[in-house]
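Since the structure comes first, as structure tokens, the remarks are kept for the end.
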Amino acid sequence: MIDFTKGRDPLITERLLIEPLSLTETEFILKLVNTAGWLEFIGNRNINTVADATAYIQKIIDNPNTFYWVARLKDGQTAIGIVTFIKRDYLDYHDIGFAFLPDYTSMGYAFEATSTVLYAILRKYKDPIILATTISNNLRSVRLLNRLQFQHEKEIEVSNEKLQIYSVSTDKLCISAITTFS
């Protein structure tokens, strides 16, 4: 089991603070999981009240195989999106994901947050591969995954839904981190 919550110091980028999800994020999560993009590409989680959002967050926090980070703007610390790292039963390796509020898409925030989390994960994650899943018509996610160096591997079916599986080797990410930050 990997514990990404130890230290709890935020990851900091030029524009963002990225922190582990906490119970203080109920209003943000309630808003995010009910956006059109979440409902279309991730699915309805039936989170309709603050109490539902609180229970959803607690379930995430209690699951040792699920890690969520909240990306917030440094200016004002407005929560704008999440990055996730989940070990799913139907996948051999952890799966990274992301979701951002509609007002903050197409501005580079998802790339900034997800690449920062990926490099932080590399310090603790020992498996050779990191996966990502999406559905084929989520073209923004596909473009972002390609930009993050993920390659399409295959299509699988889970609960009657076809998922596209992308992967990147941790070696490739390490080399990229060295050349990017040198």
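By order of appearance in the structure tokens: chains A, B, ..., then residues from 1 within every chain, and ligands from 1 in the order shown.
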
Query - Backbone DSSP call of strand (DSSP E) for chain A, listed as a PyMOL selection string - result: chain A and resi 11-12+16-20+66-73+79-86+95-100+129-134+151-158+161-169

Spatial neighbours of Ala79 (chain A), 10 Å, only C-alpha atoms, chain gap at least 2 places, as a PDB file with C-alpha atoms, in the first residue's frame:
ATOM      1  CA  LEU A  16      -1.637  25.717  -8.619  1.00  0.00           C
ATOM      2  CA  LEU A  17      -1.627  24.228  -5.138  1.00  0.00           C
ATOM      3  CA  ILE A  18      -2.357  20.495  -5.240  1.00  0.00           C
ATOM      4  CA  GLU A  25     -14.150  19.891  -0.153  1.00  0.00           C
ATOM      5  CA  GLU A  27     -19.248  21.800  -1.946  1.00  0.00           C
ATOM      6  CA  PHE A  28     -16.553  21.534  -4.624  1.00  0.00           C
ATOM      7  CA  ILE A  29     -17.024  17.767  -5.076  1.00  0.00           C
ATOM      8  CA  LEU A  32     -17.691  18.735  -9.900  1.00  0.00           C
ATOM      9  CA  VAL A  70      -7.545  18.729  -5.338  1.00  0.00           C
ATOM     10  CA  ALA A  71      -6.024  21.280  -7.687  1.00  0.00           C
ATOM     11  CA  ARG A  72      -6.674  24.844  -6.645  1.00  0.00           C
ATOM     12  CA  LEU A  73      -5.626  28.187  -7.996  1.00  0.00           C
ATOM     13  CA  LYS A  74      -2.861  29.803  -5.980  1.00  0.00           C
ATOM     14  CA  GLY A  76      -7.621  32.765  -3.951  1.00  0.00           C
ATOM     15  CA  GLN A  77      -7.160  29.008  -3.663  1.00  0.00           C
ATOM     16  CA  GLY A  81     -10.225  20.076 -10.406  1.00  0.00           C
ATOM     17  CA  ILE A  82      -8.991  16.730  -9.172  1.00  0.00           C
ATOM     18  CA  PHE A 100     -11.820  19.811 -13.930  1.00  0.00           C
ATOM     19  CA  LEU A 101     -14.667  22.268 -13.663  1.00  0.00           C
TER      20      LEU A 101
END

Requested in this report: Write down as a PyMOL selection string the residues of chain A whose backbone DSSP state falls under helix (DSSP H, G or I).
Outcome: chain A and resi 23-32+36-41+50-62+102-104+109-122+139-147+170-181

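Counting only C-alpha atoms, the residue from A:Ile86, A:Ile47, A:Leu148, A:Val142 that sits nearest to Glu112 (chain A) is A:Leu148.
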
Item to complete: Would you mind listing what lies within 12 Å of Ile61 (chain A) as a list in words, with only C-alpha atoms counted and same-chain residues fewer than 2 positions away left out?
Response: Asp3, Phe4, Thr5, Pro20, Leu21, Ser22, Leu23, Thr54, Ala55, Tyr56, Ile57, Gln58, Lys59, Asn63, Pro64, Asn65, Thr66, Phe67, Tyr68, Trp69, Thr84 and Ile86 of chain A

Give me a file of those residues, with N, CA and C atoms, as a PDB file, in the first residue's frame.
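This is the output file result_33.pdb:
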ATOM      1  N   ASP A   3       1.163   5.315   0.674  1.00  0.00           N
ATOM      2  CA  ASP A   3       0.488   6.389   1.404  1.00  0.00           C
ATOM      3  C   ASP A   3       0.985   7.726   0.881  1.00  0.00           C
ATOM      4  N   PHE A   4       0.156   8.364   0.063  1.00  0.00           N
ATOM      5  CA  PHE A   4       0.524   9.651  -0.503  1.00  0.00           C
ATOM      6  C   PHE A   4       0.098  10.810   0.390  1.00  0.00           C
ATOM      7  N   THR A   5      -0.551  10.518   1.505  1.00  0.00           N
ATOM      8  CA  THR A   5      -1.056  11.586   2.360  1.00  0.00           C
ATOM      9  C   THR A   5      -0.064  11.996   3.434  1.00  0.00           C
ATOM     10  N   PRO A  20      -4.048  16.700  -1.009  1.00  0.00           N
ATOM     11  CA  PRO A  20      -4.942  15.548  -0.879  1.00  0.00           C
ATOM     12  C   PRO A  20      -6.373  16.001  -0.584  1.00  0.00           C
ATOM     13  N   LEU A  21      -7.316  15.268  -1.137  1.00  0.00           N
ATOM     14  CA  LEU A  21      -8.735  15.531  -0.900  1.00  0.00           C
ATOM     15  C   LEU A  21      -9.045  15.419   0.587  1.00  0.00           C
ATOM     16  N   SER A  22      -9.865  16.335   1.084  1.00  0.00           N
ATOM     17  CA  SER A  22     -10.289  16.284   2.488  1.00  0.00           C
ATOM     18  C   SER A  22     -11.785  16.548   2.577  1.00  0.00           C
ATOM     19  N   LEU A  23     -12.322  16.351   3.758  1.00  0.00           N
ATOM     20  CA  LEU A  23     -13.756  16.556   3.977  1.00  0.00           C
ATOM     21  C   LEU A  23     -14.170  18.027   3.870  1.00  0.00           C
ATOM     22  N   THR A  54     -20.155  14.372   1.272  1.00  0.00           N
ATOM     23  CA  THR A  54     -19.361  14.031   2.452  1.00  0.00           C
ATOM     24  C   THR A  54     -19.123  12.524   2.509  1.00  0.00           C
ATOM     25  N   ALA A  55     -20.168  11.749   2.295  1.00  0.00           N
ATOM     26  CA  ALA A  55     -20.038  10.286   2.319  1.00  0.00           C
ATOM     27  C   ALA A  55     -19.118   9.803   1.190  1.00  0.00           C
ATOM     28  N   TYR A  56     -19.223  10.398   0.022  1.00  0.00           N
ATOM     29  CA  TYR A  56     -18.377  10.050  -1.119  1.00  0.00           C
ATOM     30  C   TYR A  56     -16.906  10.315  -0.803  1.00  0.00           C
ATOM     31  N   ILE A  57     -16.626  11.486  -0.253  1.00  0.00           N
ATOM     32  CA  ILE A  57     -15.248  11.833   0.105  1.00  0.00           C
ATOM     33  C   ILE A  57     -14.719  10.899   1.184  1.00  0.00           C
ATOM     34  N   GLN A  58     -15.530  10.605   2.184  1.00  0.00           N
ATOM     35  CA  GLN A  58     -15.088   9.714   3.261  1.00  0.00           C
ATOM     36  C   GLN A  58     -14.762   8.332   2.713  1.00  0.00           C
ATOM     37  N   LYS A  59     -15.563   7.849   1.780  1.00  0.00           N
ATOM     38  CA  LYS A  59     -15.305   6.544   1.161  1.00  0.00           C
ATOM     39  C   LYS A  59     -13.962   6.554   0.423  1.00  0.00           C
ATOM     40  N   ASN A  63     -10.426   4.362   1.558  1.00  0.00           N
ATOM     41  CA  ASN A  63      -9.962   3.307   0.666  1.00  0.00           C
ATOM     42  C   ASN A  63      -8.445   3.445   0.455  1.00  0.00           C
ATOM     43  N   PRO A  64      -7.659   2.475   0.918  1.00  0.00           N
ATOM     44  CA  PRO A  64      -6.199   2.590   0.784  1.00  0.00           C
ATOM     45  C   PRO A  64      -5.700   2.488  -0.658  1.00  0.00           C
ATOM     46  N   ASN A  65      -6.564   2.129  -1.592  1.00  0.00           N
ATOM     47  CA  ASN A  65      -6.171   2.014  -2.992  1.00  0.00           C
ATOM     48  C   ASN A  65      -6.631   3.196  -3.842  1.00  0.00           C
ATOM     49  N   THR A  66      -7.146   4.224  -3.192  1.00  0.00           N
ATOM     50  CA  THR A  66      -7.695   5.379  -3.896  1.00  0.00           C
ATOM     51  C   THR A  66      -7.102   6.654  -3.333  1.00  0.00           C
ATOM     52  N   PHE A  67      -6.538   7.471  -4.215  1.00  0.00           N
ATOM     53  CA  PHE A  67      -5.941   8.743  -3.814  1.00  0.00           C
ATOM     54  C   PHE A  67      -6.478   9.842  -4.715  1.00  0.00           C
ATOM     55  N   TYR A  68      -6.994  10.889  -4.106  1.00  0.00           N
ATOM     56  CA  TYR A  68      -7.484  12.054  -4.850  1.00  0.00           C
ATOM     57  C   TYR A  68      -6.736  13.276  -4.367  1.00  0.00           C
ATOM     58  N   TRP A  69      -6.333  14.117  -5.322  1.00  0.00           N
ATOM     59  CA  TRP A  69      -5.749  15.409  -5.000  1.00  0.00           C
ATOM     60  C   TRP A  69      -6.652  16.488  -5.567  1.00  0.00           C
ATOM     61  N   THR A  84      -6.646  11.856  -9.769  1.00  0.00           N
ATOM     62  CA  THR A  84      -6.863  10.629  -9.002  1.00  0.00           C
ATOM     63  C   THR A  84      -5.798   9.589  -9.350  1.00  0.00           C
ATOM     64  N   ILE A  86      -5.793   5.422  -8.696  1.00  0.00           N
ATOM     65  CA  ILE A  86      -6.659   4.367  -8.165  1.00  0.00           C
ATOM     66  C   ILE A  86      -6.185   2.999  -8.644  1.00  0.00           C
TER      67      ILE A  86
END

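In this structure, CA of Ile129 (chain A) sits 16.6 Å away from CA of Arg147 (chain A).
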
Expressed in Å, the length from CA of Pro102 (chain A) to CA of Val33 (chain A) is 11.4 Å

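CA of Glu161 (chain A) sits 10.4 Å away from CA of Thr134 (chain A).
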
Contacts of Asn46 (chain A) at 10 Å or less, counting only C-alpha atoms, minus same-chain residues fewer than 4 places along, as a list in words? Leu30, Val33, Asn34, Leu39, Asp52, Ala53 and Tyr56 of chain A

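Comparing the minimum interatomic distances between Cys174 (chain A) and each of A:Glu19, A:Glu155, A:Ser115, A:Leu131, counting only C-alpha atoms, we find that A:Ser115 sits nearest.
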
I want to know what sits within 7 Å of Gln151 (chain A), based on only C-alpha atoms, with residues of the same chain fewer than 2 positions away left out; could you give that as a list in words? Asn146, Gln149, Glu153, Tyr166, Ser167 and Val168 of chain A

Residues from last step as file, C-alpha atoms, as a PDB file, in the first residue's frame:
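Written out: out36.pdb:
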ATOM      1  CA  ASN A 146      -0.973  11.629 -25.290  1.00  0.00           C
ATOM      2  CA  GLN A 149       3.250  10.383 -22.940  1.00  0.00           C
ATOM      3  CA  GLU A 153      -2.824  -0.160 -25.301  1.00  0.00           C
ATOM      4  CA  TYR A 166      -3.573   3.884 -21.985  1.00  0.00           C
ATOM      5  CA  SER A 167      -0.209   3.230 -20.382  1.00  0.00           C
ATOM      6  CA  VAL A 168       3.159   4.792 -19.743  1.00  0.00           C
TER       7      VAL A 168
END
